[in-house]
Structures are given as C-alpha cells and as structure tokens.
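Structure file my_file_10.pdb with PDB, C-alpha atoms:
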ATOM      1  CA  MET F   1       0.000   0.000   0.000
ATOM      2  CA  ILE F   2       1.327   3.451  -0.902
ATOM      3  CA  LYS F   3       1.571   5.636   2.181
ATOM      4  CA  GLU F   4       1.574   9.425   2.369
ATOM      5  CA  ALA F   5       3.929  11.667   4.311
ATOM      6  CA  LYS F   6       3.158  15.360   4.604
ATOM      7  CA  THR F   7       6.164  17.614   4.123
ATOM      8  CA  THR F   8       6.933  20.582   6.373
ATOM      9  CA  SER F   9       9.716  22.225   4.659
ATOM     10  CA  ILE F  10      -5.578  21.276 -24.660
ATOM     11  CA  ASP F  11      -4.444  21.855 -28.869
ATOM     12  CA  SER F  12      -3.672  19.706 -25.893
ATOM     13  CA  ASN F  13      -4.080  22.928 -23.949
ATOM     14  CA  LEU F  14      -7.532  23.500 -25.435
ATOM     15  CA  ILE F  15      -8.801  20.095 -24.278
ATOM     16  CA  GLU F  16      -6.946  20.555 -20.996
ATOM     17  CA  ASN F  17      -8.655  23.904 -20.543
ATOM     18  CA  GLN F  18     -12.059  22.324 -21.158
ATOM     19  CA  LEU F  19     -11.324  19.664 -18.541
ATOM     20  CA  HIS F  20     -10.053  22.352 -16.173
ATOM     21  CA  HIS F  21     -13.525  23.906 -16.010
ATOM     22  CA  GLN F  22     -15.485  20.699 -15.486
ATOM     23  CA  THR F  23     -16.886  19.902 -12.066
ATOM     24  CA  THR F  24     -14.773  17.973  -9.589
ATOM     25  CA  GLU F  25     -17.220  15.063  -9.690
ATOM     26  CA  ARG F  26     -16.925  14.791 -13.470
ATOM     27  CA  LEU F  27     -13.173  15.400 -13.559
ATOM     28  CA  PHE F  28     -12.266  12.677 -11.085
ATOM     29  CA  GLN F  29     -14.851  10.058 -11.957
ATOM     30  CA  PHE F  30     -13.100   6.754 -12.622
ATOM     31  CA  PRO F  31     -13.593   5.202 -16.062
ATOM     32  CA  ASN F  32     -14.606   1.630 -16.810
ATOM     33  CA  PHE F  33     -11.531  -0.248 -15.635
ATOM     34  CA  ASN F  34     -12.202  -3.027 -18.139
ATOM     35  CA  ASN F  35     -11.593  -0.479 -20.870
ATOM     36  CA  GLN F  36      -9.258   2.530 -20.941
ATOM     37  CA  ILE F  37      -6.589   3.320 -18.355
ATOM     38  CA  SER F  38      -8.408   6.662 -18.325
ATOM     39  CA  ASP F  39     -10.520   8.563 -20.816
ATOM     40  CA  VAL F  40      -7.836  11.274 -20.731
ATOM     41  CA  VAL F  41      -4.164  10.330 -20.393
ATOM     42  CA  ARG F  42      -2.123  13.521 -20.127
ATOM     43  CA  THR F  43       1.385  12.056 -20.055
ATOM     44  CA  VAL F  44       3.362   8.795 -20.093
ATOM     45  CA  PHE F  45       6.845   8.171 -18.666
ATOM     46  CA  GLN F  46       9.157   5.169 -18.273
ATOM     47  CA  ASP F  47      11.511   5.235 -15.285
ATOM     48  CA  SER F  48      14.985   3.737 -14.845
ATOM     49  CA  LYS F  49      13.449   0.495 -13.524
ATOM     50  CA  ARG F  50      11.343   0.273 -16.711
ATOM     51  CA  ASN F  51       8.101   0.927 -14.838
ATOM     52  CA  ILE F  52       5.624   2.782 -17.063
ATOM     53  CA  TRP F  53       3.768   5.696 -15.480
ATOM     54  CA  PHE F  54       0.563   7.227 -16.794
ATOM     55  CA  GLY F  55      -0.560  10.690 -15.743
ATOM     56  CA  THR F  56      -4.326  10.969 -16.217
ATOM     57  CA  GLN F  57      -7.391  12.979 -15.271
ATOM     58  CA  ASN F  58      -7.926  10.260 -12.645
ATOM     59  CA  GLY F  59      -4.492  10.573 -11.073
ATOM     60  CA  ALA F  60      -1.342   8.501 -11.620
ATOM     61  CA  PHE F  61      -1.008   4.852 -12.592
ATOM     62  CA  ARG F  62       2.119   2.677 -12.568
ATOM     63  CA  TYR F  63       2.639  -0.506 -14.567
ATOM     64  CA  ASP F  64       5.478  -2.525 -13.012
ATOM     65  CA  GLY F  65       5.602  -5.341 -15.541
ATOM     66  CA  ASN F  66       2.949  -7.388 -13.755
ATOM     67  CA  SER F  67       0.021  -5.162 -12.841
ATOM     68  CA  LEU F  68      -1.344  -1.642 -13.160
ATOM     69  CA  MET F  69      -1.665   0.221  -9.856
ATOM     70  CA  HIS F  70      -3.384   3.506  -9.076
ATOM     71  CA  MET F  71      -1.352   5.835  -6.816
ATOM     72  CA  ASP F  72      -4.232   6.833  -4.568
ATOM     73  CA  LYS F  73      -2.241   8.994  -2.108
ATOM     74  CA  ILE F  74      -1.479  11.713  -4.658
ATOM     75  CA  ILE F  75      -4.018  14.315  -3.567
ATOM     76  CA  ASN F  76      -4.587  18.052  -3.419
ATOM     77  CA  LYS F  77      -4.616  20.099  -0.216
ATOM     78  CA  SER F  78      -8.273  19.300   0.441
ATOM     79  CA  GLY F  79      -7.700  15.560  -0.003
ATOM     80  CA  LYS F  80      -9.262  15.186  -3.448
ATOM     81  CA  GLY F  81      -7.821  13.576  -6.569
ATOM     82  CA  VAL F  82      -5.839  15.480  -9.190
ATOM     83  CA  THR F  83      -5.058  15.539 -12.905
ATOM     84  CA  ILE F  84      -1.419  14.602 -13.514
ATOM     85  CA  LYS F  85       0.229  16.779 -16.163
ATOM     86  CA  ASP F  86       3.903  15.759 -16.079
ATOM     87  CA  ILE F  87       6.205  13.093 -14.606
ATOM     88  CA  THR F  88       9.980  12.976 -14.114
ATOM     89  CA  GLU F  89      12.629  10.985 -12.206
ATOM     90  CA  ASP F  90      15.484  12.462 -10.208
ATOM     91  CA  LYS F  91      19.060  11.161 -10.034
ATOM     92  CA  ASP F  92      18.230   9.131  -6.902
ATOM     93  CA  GLY F  93      15.311   7.302  -8.533
ATOM     94  CA  ARG F  94      12.497   9.276  -6.921
ATOM     95  CA  ILE F  95       9.468   9.907  -9.142
ATOM     96  CA  TRP F  96       8.075  13.438  -9.238
ATOM     97  CA  LEU F  97       4.639  14.365 -10.548
ATOM     98  CA  GLY F  98       3.235  17.792 -11.376
ATOM     99  CA  HIS F  99      -0.539  18.149 -11.194
ATOM    100  CA  THR F 100      -3.558  20.361 -10.623
ATOM    101  CA  GLY F 101      -3.024  20.343  -6.854
ATOM    102  CA  GLY F 102       0.740  20.916  -6.580
ATOM    103  CA  ILE F 103       3.536  18.353  -6.894
ATOM    104  CA  SER F 104       4.132  14.912  -5.403
ATOM    105  CA  SER F 105       7.150  12.634  -4.996
ATOM    106  CA  ILE F 106       7.212   8.851  -4.740
ATOM    107  CA  ASP F 107      10.199   7.264  -3.012
ATOM    108  CA  GLY F 108       9.627   3.518  -2.738
ATOM    109  CA  GLU F 109       6.365   3.249  -0.835
ATOM    110  CA  LEU F 110       6.433   6.810   0.505
ATOM    111  CA  VAL F 111       4.349   9.551  -1.154
ATOM    112  CA  THR F 112       4.950  13.197  -0.251
ATOM    113  CA  ASN F 113       2.601  15.926  -1.456
ATOM    114  CA  TYR F 114       3.821  19.541  -1.689
ATOM    115  CA  TYR F 115       1.582  22.597  -1.897
ATOM    116  CA  GLU F 116       1.768  26.385  -1.835
ATOM    117  CA  THR F 117       1.760  26.109   1.959
ATOM    118  CA  ASN F 118       5.122  24.309   1.656
ATOM    119  CA  GLY F 119       6.576  27.080  -0.521
ATOM    120  CA  LEU F 120       5.469  26.042  -4.012
ATOM    121  CA  ILE F 121       4.930  29.121  -6.204
ATOM    122  CA  ASN F 122       1.489  27.918  -7.360
ATOM    123  CA  ASN F 123      -0.557  24.718  -7.076
ATOM    124  CA  ASP F 124      -1.503  24.713 -10.784
ATOM    125  CA  VAL F 125       1.566  22.853 -12.093
ATOM    126  CA  TRP F 126       1.978  22.202 -15.835
ATOM    127  CA  ASN F 127       5.421  20.594 -15.978
ATOM    128  CA  ILE F 128       8.163  19.208 -13.771
ATOM    129  CA  THR F 129      11.790  18.329 -14.534
ATOM    130  CA  ALA F 130      14.622  16.895 -12.445
ATOM    131  CA  ASP F 131      17.994  18.234 -13.575
ATOM    132  CA  SER F 132      21.297  16.358 -13.473
ATOM    133  CA  ASN F 133      22.232  18.046 -10.179
ATOM    134  CA  GLY F 134      19.113  16.767  -8.435
ATOM    135  CA  SER F 135      17.147  20.015  -8.378
ATOM    136  CA  ILE F 136      13.443  19.836  -9.246
ATOM    137  CA  TRP F 137      12.215  22.516 -11.667
ATOM    138  CA  ILE F 138       8.497  23.254 -11.548
ATOM    139  CA  GLY F 139       6.649  25.209 -14.238
ATOM    140  CA  THR F 140       3.276  26.606 -13.228
ATOM    141  CA  ILE F 141       0.608  29.008 -14.416
ATOM    142  CA  ALA F 142       2.330  31.627 -12.219
ATOM    143  CA  GLY F 143       5.963  31.049 -13.203
ATOM    144  CA  VAL F 144       8.847  28.785 -12.172
ATOM    145  CA  CYS F 145      10.249  27.594  -8.882
ATOM    146  CA  VAL F 146      13.067  25.207  -7.962
ATOM    147  CA  TYR F 147      13.113  22.648  -5.127
ATOM    148  CA  ASN F 148      16.531  21.601  -3.773
ATOM    149  CA  GLY F 149      15.248  18.972  -1.365
ATOM    150  CA  LEU F 150      14.870  21.425   1.495
ATOM    151  CA  GLU F 151      13.108  24.522   0.209
ATOM    152  CA  PHE F 152      11.441  26.112  -2.808
ATOM    153  CA  THR F 153      13.021  29.114  -4.518
ATOM    154  CA  ASN F 154      11.217  31.238  -7.086
ATOM    155  CA  PHE F 155      13.024  31.519 -10.431
ATOM    156  CA  LYS F 156      12.364  34.829 -12.150
ATOM    157  CA  LEU F 157      11.392  34.879 -15.827
ATOM    158  CA  PRO F 158      10.270  37.952 -17.812
ATOM    159  CA  GLU F 159       6.518  38.396 -17.986
ATOM    160  CA  GLY F 160       4.826  37.527 -21.273
ATOM    161  CA  LYS F 161       1.290  37.797 -22.574
ATOM    162  CA  ILE F 162      -1.949  35.904 -22.044
ATOM    163  CA  ASP F 163      -2.869  33.605 -24.937
ATOM    164  CA  SER F 164      -6.441  34.735 -25.562
ATOM    165  CA  THR F 165      -7.191  31.673 -27.756
ATOM    166  CA  LEU F 166      -7.044  29.406 -24.703
ATOM    167  CA  GLY F 167      -9.466  29.122 -21.812
ATOM    168  CA  VAL F 168      -6.622  28.899 -19.287
ATOM    169  CA  SER F 169      -3.576  31.094 -19.805
ATOM    170  CA  SER F 170      -1.476  33.690 -18.022
ATOM    171  CA  SER F 171       1.337  36.128 -18.678
ATOM    172  CA  GLN F 172       3.632  33.923 -16.574
ATOM    173  CA  MET F 173       2.616  30.566 -18.052
ATOM    174  CA  VAL F 174       5.467  28.037 -18.421
ATOM    175  CA  HIS F 175       4.643  25.187 -20.804
ATOM    176  CA  SER F 176       7.752  23.010 -20.498
ATOM    177  CA  ILE F 177      11.215  22.803 -18.943
ATOM    178  CA  MET F 178      13.841  20.523 -20.502
ATOM    179  CA  GLU F 179      17.500  19.798 -19.702
ATOM    180  CA  ASP F 180      19.564  18.938 -22.767
ATOM    181  CA  SER F 181      22.485  16.492 -23.020
ATOM    182  CA  LYS F 182      24.960  19.255 -22.145
ATOM    183  CA  GLY F 183      23.167  20.232 -18.929
ATOM    184  CA  LYS F 184      21.555  23.391 -20.281
ATOM    185  CA  LEU F 185      17.944  24.051 -19.301
ATOM    186  CA  TRP F 186      15.377  25.261 -21.831
ATOM    187  CA  LEU F 187      12.238  26.992 -20.574
ATOM    188  CA  SER F 188       9.262  27.426 -22.904
ATOM    189  CA  SER F 189       6.850  30.147 -21.851
ATOM    190  CA  ASN F 190       4.364  32.802 -22.898
ATOM    191  CA  ALA F 191       7.266  35.256 -22.840
ATOM    192  CA  GLY F 192       9.357  33.262 -25.306
ATOM    193  CA  LEU F 193      12.141  30.672 -25.113
ATOM    194  CA  PHE F 194      14.884  30.930 -22.487
ATOM    195  CA  SER F 195      18.040  28.929 -21.819
ATOM    196  CA  TYR F 196      19.766  28.656 -18.450
ATOM    197  CA  ALA F 197      23.286  27.438 -17.700
ATOM    198  CA  ASN F 198      26.140  28.524 -15.409
ATOM    199  CA  ASP F 199      23.765  30.803 -13.503
ATOM    200  CA  THR F 200      23.045  32.743 -16.702
ATOM    201  CA  LEU F 201      19.568  33.188 -18.189
ATOM    202  CA  ILE F 202      19.460  33.948 -21.933
ATOM    203  CA  ASN F 203      16.383  35.119 -23.827
ATOM    204  CA  VAL F 204      16.728  32.940 -26.930
ATOM    205  CA  SER F 205      13.677  34.565 -28.525
ATOM    206  CA  ASP F 206      15.607  37.862 -28.597
ATOM    207  CA  LYS F 207      18.344  36.221 -30.654
ATOM    208  CA  VAL F 208      16.299  34.186 -33.155
ATOM    209  CA  GLU F 209      12.966  34.842 -34.893
ATOM    210  CA  PHE F 210      10.178  32.448 -33.836
ATOM    211  CA  GLN F 211       7.438  34.820 -35.067
ATOM    212  CA  THR F 212       5.695  34.345 -31.714
ATOM    213  CA  ASN F 213       6.560  34.386 -28.017
ATOM    214  CA  PHE F 214       4.171  31.499 -27.316
ATOM    215  CA  ILE F 215       6.654  28.600 -27.105
ATOM    216  CA  ASN F 216       5.254  25.162 -26.295
ATOM    217  CA  GLU F 217       8.111  22.672 -26.083
ATOM    218  CA  VAL F 218      11.792  21.980 -26.778
ATOM    219  CA  PHE F 219      12.877  18.469 -27.780
ATOM    220  CA  GLU F 220      16.444  17.214 -28.275
ATOM    221  CA  ASP F 221      17.076  14.445 -30.821
ATOM    222  CA  LYS F 222      19.836  11.800 -30.631
ATOM    223  CA  LYS F 223      22.232  14.067 -32.583
ATOM    224  CA  GLY F 224      21.811  16.928 -30.111
ATOM    225  CA  VAL F 225      19.667  19.008 -32.466
ATOM    226  CA  LEU F 226      16.837  20.957 -30.828
ATOM    227  CA  TRP F 227      13.272  21.009 -32.157
ATOM    228  CA  ILE F 228      10.985  23.784 -30.934
ATOM    229  CA  SER F 229       7.192  23.771 -31.145
ATOM    230  CA  THR F 230       5.477  27.150 -31.134
ATOM    231  CA  LYS F 231       2.089  28.720 -31.713
ATOM    232  CA  LYS F 232       3.123  29.403 -35.315
ATOM    233  CA  ASN F 233       5.484  26.669 -36.574
ATOM    234  CA  LEU F 234       7.928  23.859 -35.845
ATOM    235  CA  PHE F 235      11.561  24.990 -35.803
ATOM    236  CA  ARG F 236      14.904  23.202 -35.808
ATOM    237  CA  LEU F 237      17.768  24.828 -33.903
ATOM    238  CA  LYS F 238      21.172  23.433 -34.840
ATOM    239  CA  GLY F 239      23.893  25.461 -33.177
ATOM    240  CA  ASN F 240      22.936  29.028 -34.034
ATOM    241  CA  GLU F 241      21.090  28.066 -37.217
ATOM    242  CA  LEU F 242      17.290  28.245 -36.960
ATOM    243  CA  THR F 243      15.157  26.548 -39.646
ATOM    244  CA  ASN F 244      11.385  26.861 -40.024
ATOM    245  CA  ILE F 245      10.331  23.293 -40.857
ATOM    246  CA  THR F 246       6.576  23.756 -41.370
ATOM    247  CA  LYS F 247       6.345  27.176 -43.044
ATOM    248  CA  ASP F 248       3.739  27.056 -45.857
ATOM    249  CA  LYS F 249       3.728  23.239 -45.728
ATOM    250  CA  ILE F 250       0.968  22.314 -43.270
ATOM    251  CA  GLU F 251      -2.007  23.853 -41.493
ATOM    252  CA  VAL F 252      -0.729  25.013 -38.128
ATOM    253  CA  GLY F 253      -3.965  26.454 -36.704
ATOM    254  CA  LYS F 254      -3.722  26.131 -32.925
ATOM    255  CA  GLY F 255       0.023  25.555 -33.112
ATOM    256  CA  ILE F 256       2.557  22.733 -32.895
ATOM    257  CA  GLY F 257       2.328  20.413 -29.900
ATOM    258  CA  SER F 258       4.319  17.386 -28.753
ATOM    259  CA  ILE F 259       7.506  16.214 -30.510
ATOM    260  CA  ALA F 260       9.314  12.840 -30.465
ATOM    261  CA  GLU F 261      11.933  10.948 -32.465
ATOM    262  CA  ASP F 262      11.504   7.331 -33.569
ATOM    263  CA  LYS F 263      14.280   4.727 -33.652
ATOM    264  CA  VAL F 264      15.303   5.544 -37.237
ATOM    265  CA  GLY F 265      15.506   9.294 -36.629
ATOM    266  CA  ASN F 266      12.164  10.477 -38.005
ATOM    267  CA  ILE F 267      10.598  13.399 -36.127
ATOM    268  CA  TRP F 268       6.939  12.978 -35.139
ATOM    269  CA  PHE F 269       4.882  15.995 -34.123
ATOM    270  CA  THR F 270       1.308  17.143 -33.674
ATOM    271  CA  SER F 271      -0.314  20.249 -35.118
ATOM    272  CA  ASN F 272      -3.662  22.024 -34.834
ATOM    273  CA  LEU F 273      -4.871  19.658 -32.095
ATOM    274  CA  HIS F 274      -5.813  16.734 -34.332
ATOM    275  CA  ASN F 275      -3.094  16.365 -36.976
ATOM    276  CA  LEU F 276      -0.102  14.021 -36.704
ATOM    277  CA  TYR F 277       2.944  14.375 -38.959
ATOM    278  CA  VAL F 278       6.236  12.590 -39.636
ATOM    279  CA  TYR F 279       9.321  14.433 -40.892
ATOM    280  CA  ASP F 280      12.190  12.378 -42.339
ATOM    281  CA  GLY F 281      14.531  15.298 -42.851
ATOM    282  CA  LYS F 282      13.272  15.956 -46.377
ATOM    283  CA  GLU F 283       9.485  15.989 -46.420
ATOM    284  CA  ILE F 284       6.537  16.159 -44.034
ATOM    285  CA  VAL F 285       3.928  13.389 -44.341
ATOM    286  CA  GLU F 286       0.618  13.407 -42.484
ATOM    287  CA  HIS F 287      -0.224  10.213 -40.619
ATOM    288  CA  GLN F 288      -3.850   9.722 -41.535
ATOM    289  CA  LYS F 289      -6.564   8.657 -39.093
ATOM    290  CA  SER F 290      -9.485   6.449 -40.173
ATOM    291  CA  GLU F 291     -12.276   4.374 -38.635
ATOM    292  CA  ASP F 292     -10.047   1.283 -38.498
ATOM    293  CA  HIS F 293      -6.944   3.306 -37.572
ATOM    294  CA  LYS F 294      -8.074   5.276 -34.515
ATOM    295  CA  ARG F 295      -5.871   7.230 -32.128
ATOM    296  CA  PRO F 296      -6.459   9.817 -29.392
ATOM    297  CA  VAL F 297      -6.391  13.593 -29.636
ATOM    298  CA  ILE F 298      -2.704  13.621 -28.756
ATOM    299  CA  PHE F 299      -1.332  15.405 -25.691
ATOM    300  CA  GLN F 300       2.044  13.669 -25.806
ATOM    301  CA  ILE F 301       4.164  11.485 -28.073
ATOM    302  CA  TYR F 302       6.721   9.448 -26.114
ATOM    303  CA  ARG F 303       9.436   6.966 -27.056
ATOM    304  CA  ASP F 304      10.150   4.319 -24.412
ATOM    305  CA  GLN F 305      13.318   2.327 -23.722
ATOM    306  CA  GLU F 306      12.174  -0.419 -26.094
ATOM    307  CA  ASP F 307      11.972   2.170 -28.904
ATOM    308  CA  ARG F 308       8.170   1.984 -28.973
ATOM    309  CA  LEU F 309       6.174   5.139 -29.662
ATOM    310  CA  TRP F 310       3.299   5.965 -27.306
ATOM    311  CA  PHE F 311       0.499   8.397 -28.164
ATOM    312  CA  VAL F 312      -1.604   9.511 -25.200
ATOM    313  CA  GLY F 313      -4.339  12.085 -24.847
ATOM    314  CA  TYR F 314      -8.067  12.632 -25.058
ATOM    315  CA  GLY F 315      -9.261   9.085 -25.779
ATOM    316  CA  GLY F 316      -6.739   7.103 -23.759
ATOM    317  CA  ALA F 317      -3.330   5.523 -24.363
ATOM    318  CA  TYR F 318      -2.166   4.043 -27.656
ATOM    319  CA  ARG F 319       1.064   2.532 -28.949
ATOM    320  CA  LEU F 320       2.226   2.336 -32.539
ATOM    321  CA  GLU F 321       2.754  -1.303 -33.500
ATOM    322  CA  ASN F 322       3.581  -2.394 -37.058
ATOM    323  CA  GLY F 323       2.287   0.880 -38.454
ATOM    324  CA  LYS F 324      -1.040   0.743 -36.609
ATOM    325  CA  PHE F 325      -2.279   2.289 -33.384
ATOM    326  CA  LEU F 326      -2.935  -0.251 -30.644
ATOM    327  CA  ASN F 327      -5.262   0.795 -27.811
ATOM    328  CA  ILE F 328      -3.584   0.056 -24.466
ATOM    329  CA  THR F 329      -6.249  -0.608 -21.848
ATOM    330  CA  GLN F 330      -5.884  -1.429 -18.175
ATOM    331  CA  ASN F 331      -5.324  -5.015 -19.256
ATOM    332  CA  GLY F 332      -2.734  -4.127 -21.875
ATOM    333  CA  PRO F 333      -1.470  -5.471 -24.214
ATOM    334  CA  TRP F 334       1.828  -4.474 -22.629
TER     335      TRP F 334
END
Here is the file; what I need is its structure written in the form of structure tokens.
Amino acid sequence: MIKEAKTTSIDSNLIENQLHHQTTERLFQFPNFNNQISDVVRTVFQDSKRNIWFGTQNGAFRYDGNSLMHMDKIINKSGKGVTIKDITEDKDGRIWLGHTGGISSIDGELVTNYYETNGLINNDVWNITADSNGSIWIGTIAGVCVYNGLEFTNFKLPEGKIDSTLGVSSSQMVHSIMEDSKGKLWLSSNAGLFSYANDTLINVSDKVEFQTNFINEVFEDKKGVLWISTKKNLFRLKGNELTNITKDKIEVGKGIGSIAEDKVGNIWFTSNLHNLYVYDGKEIVEHQKSEDHKRPVIFQIYRDQEDRLWFVGYGGAYRLENGKFLNITQNGPW
C-alpha cells in the first residue's frame, strides 16, 4: 500500500482547458476499468526500472511489468484527486509528478505531497523536470520555482502575454522545462524561449525569430539538435542556425504540440490539435486517421526504452505497433 507523508519544509491545452472547467465530480470520476486506463491520459513516462507511469485525469497509474496500480495517495490540499500533467525521475530514482493540486514525490512506498503552503509558487503545475544536479524545476501558471530537497526558490522569468485563444492562460505561463544532453535548461513560456546554464539566463527569442513568443516545447534528438514547437510553426535549432520546418507546408492552426523521435531518426509531431505528422529530414507526411486506424487527440508522443512510440491524450493511451495504433487498456497489451 502506498503511504503518504506530509512535508513541512488542450491543442492539448484547449482540451486541458475544457477539462479544467469541469466539475470535480466529473473530472475525477473513474472510467470503466475493463476499458481505458483513463478517458484522458495527459502524459506517459518510463523510469529507470522500466516501470511505465501514466498521468491521467484520474491521477497517476504505474505498470510494473505485472500489474497496473493507481497511486491513490497523490491528492490536493483538500484531499481530493488530481489531474497529472507531467512526470519525471530524479538522479536518486524518486518519481516526481506535477498536477492540478501541486507536486508529489514517490520514493519507494512513501508519497509526499507539496503545496503552496510548503513554498510552491502555485498549485496549478503544468510541468516538472529533475535536472542532473538533483534540483526539481516546476513550471506553473504563475511562473517557475526550484526545489533543492529542502526549500522552494522562485526563479524569475520575464513576464509575457496571455494567450487569448485558450481558456486557461497567463502572462507567466510556463509550458515546459527541458534539460539537454549538455546540462543546459530550456524553458518554454508565454514570454518566449529561455536557456539557463552557469547561472546565466538567456532570452533565446531575442536572438532568433520564432514569429511568436508562445513557445510550447523543446525536444532534443539523438544528434543533439533541438526542435521547438510554437504557436506558429515547428523549428529546428542546430547550433545558431534556426530553420522553419513547417512554413507554408501544413495547417498550423492552434500551433505545434508534442515532438518525439523514432528509432530511425524520423521526427513525429502534432499540429492544430488533431493532426499528426512525420518528418524524415526531407518531407513532411501526415499520418492519416481512419475508422479502423483510430488514435487519441494527442497530448504527448513518447518513445520508451524499447523504442516503442506511445500516443496519449483525449481518448486514452495508444502505442504504434507495425504501423497501426494499438489501444492500451488497463489489461494491456503491454
């Protein structure tokens, strides 16, 4: 049994925004456990022990190779369930989850929930990242803070603008935080893209032209090249050379979303909420959806340690197998 210890110390956004305004009873109602893991799977993550974690509108689930378990001690300050938005693992093997009620850590059988009362900048957490030094970076609707294991420290970013096309947005919104292979942090926000290394914050958006300050995500491929999803287009940043990959080639609409790389080096990305594309370095091909080839409205694309691609979002969890999307229910197939 997972035990709790109190500490003292949708675009995917469009769908997420719609869920954000639903009633608590609707938001945390458990689905049919003979069917989907959850009707909405926000994120998927595989840890160093090869456990697979699912962050959903019904909380967190862990598949340990034998069974799927719900982590029922991850709760908000009032004791109710939460929607998990991001999952990471620190250098000591602890699992950290960012959610609608704050953040939580899982260390073996011990669950610790952290809230604004513990020093967190805001309980509405959108992303969480553990850096190589062991610090936990938390991106929220009200900015960024860092947890060093003892206390939370606010990390100052310039103020941006509210995205009026979304139901939930703010001038201090941080969409993702990523540490690259060289130890540099990349922060995607409503004020643009920022990098942070050696105690120096750089406004990358001031140096390159993204055409928008609404930056969604930064992804690093196996060659160390950065791919940046924005409200306008998908960009590739190789050294100081910025390339607009999608300009005049696809319908962007609500913007570019999640990005992942498959085992042969193709870049997969989502656009305009419902569209899925593959880029092989030369051309962009849309991955078509049909009645016999269903997939979710994708919040995240994720490549696991077995080189399998996962697609999770509004509609559940799916995996790409032999060119087709396979619905992964509570009973697998794993």
Checklist line | Near-stretch 239-252 of chain F list (10 Å; all atoms listed in the file; drop same-chain fewer than 3 positions) as a PyMOL selection string | finding: chain F and resi 207-210+224-228+230-236+255-257+270-273+275+277+279+281-286
Checklist line | For F:Ser176, the nearest of the candidates F:Asn190, F:Ser164, F:Asn198, F:Asn216, counting all atoms listed in the file | finding: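 Among the listed residues, F:Asn216 lies closest to F:Ser176.
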Item checked: Between atom CA of F:Phe269 and atom CA of F:Gln300 - distance in Å to one decimal -> 9.1 Å
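The two atoms in question, atom CA of F:Lys263 and atom CA of F:Phe311, are spaced 15.3 Å apart.
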Check: How far is it from atom CA of F:Glu89 to atom CA of F:Leu237, in Å with one decimal?
Finding: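 Between these atoms lies a distance of 26.2 Å.
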Notebook entry, point to check: From the set F:Asn213, F:Ser132, F:Gln36, F:Asn203, which residue has the shortest atom-to-atom contact distance to F:Ser171, counting only C-alpha atoms?
Noted result: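 Smallest distance to F:Ser171 is found for F:Asn213.
Evaluated against this file, the PyMOL selection byres ((chain F and resi 50) around 10) yields Phe45, Gln46, Asp47, Ser48, Lys49, Asn51, Ile52, Trp53, Tyr63, Asp64, Gly65, Asp304, Gln305 and Glu306 of chain F.
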Notebook entry, point to check: Expanded to explicit residues, what is the PyMOL selection byres ((chain F and resi 143-150) around 9) for this file, as a PyMOL selection string?
Noted result: chain F and resi 9+120-122+134-142+151-157+159+171-174+189
Item checked: Nearest candidate to F:Phe54 (options F:Thr117, F:Ser290, F:Asp72, F:Ile87; using all atoms listed in the file) ->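 Distance minimum relative to F:Phe54 lands on F:Ile87.
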Next item on the list: Report the residues retrieved by the PyMOL selection byres ((chain F and resi 100) around 10) from the displayed file, expressed as a ChimeraX atom specification.
Entry: /F:20,57,59,75-76,81-85,98-99,101-103,122-126,140
Dump C-alpha atoms for the selected residues as an mmCIF file, keeping the file's coordinate frame?
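part_36.cif was written with the following content:
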data_model
loop_
_atom_site.group_PDB
_atom_site.id
_atom_site.type_symbol
_atom_site.label_atom_id
_atom_site.label_comp_id
_atom_site.auth_asym_id
_atom_site.auth_seq_id
_atom_site.Cartn_x
_atom_site.Cartn_y
_atom_site.Cartn_z
ATOM 1 C CA HIS F 20 -10.053 22.352 -16.173
ATOM 2 C CA GLN F 57 -7.391 12.979 -15.271
ATOM 3 C CA GLY F 59 -4.492 10.573 -11.073
ATOM 4 C CA ILE F 75 -4.018 14.315 -3.567
ATOM 5 C CA ASN F 76 -4.587 18.052 -3.419
ATOM 6 C CA GLY F 81 -7.821 13.576 -6.569
ATOM 7 C CA VAL F 82 -5.839 15.480 -9.190
ATOM 8 C CA THR F 83 -5.058 15.539 -12.905
ATOM 9 C CA ILE F 84 -1.419 14.602 -13.514
ATOM 10 C CA LYS F 85 0.229 16.779 -16.163
ATOM 11 C CA GLY F 98 3.235 17.792 -11.376
ATOM 12 C CA HIS F 99 -0.539 18.149 -11.194
ATOM 13 C CA GLY F 101 -3.024 20.343 -6.854
ATOM 14 C CA GLY F 102 0.740 20.916 -6.580
ATOM 15 C CA ILE F 103 3.536 18.353 -6.894
ATOM 16 C CA ASN F 122 1.489 27.918 -7.360
ATOM 17 C CA ASN F 123 -0.557 24.718 -7.076
ATOM 18 C CA ASP F 124 -1.503 24.713 -10.784
ATOM 19 C CA VAL F 125 1.566 22.853 -12.093
ATOM 20 C CA TRP F 126 1.978 22.202 -15.835
ATOM 21 C CA THR F 140 3.276 26.606 -13.228
#
Next item on the list: Pick out the closest residue to F:Arg295 from this set: F:Asn322, F:Ser170, F:Asn327, F:Asn127. Count only C-alpha atoms.
Entry: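 Checking each candidate against F:Arg295, we get F:Asn327 as the closest.
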Item checked: Neighbour list for F:Ser104 as a list in words, cut-off 9 Å, only C-alpha atoms, skip fewer than 6 positions in-chain ->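 Contacts, with the query itself left out: Ile74, Ile75, Ile95, Trp96, Leu97, Gly98, Val111, Thr112, Asn113, Tyr114 and Tyr115 of chain F.
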Next item on the list: Mind checking which residues fall within 7 Å of F:Ile301, counting all atoms listed in the file, ignoring those fewer than 4 positions away in the same chain, and posting them as a list in words?
Entry: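 Answer for this query is Ser258, Ile259, Ala260, Leu309, Trp310, Phe311 and Val312 of chain F.
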Next item on the list: Take the point (4.3, -0.1, -7.8) as written in the file and pick out every residue within 9 Å of it, counting only C-alpha atoms; give the list as a PyMOL selection string.
Entry: chain F and resi 1-2+51+61-64+67-71+108-109
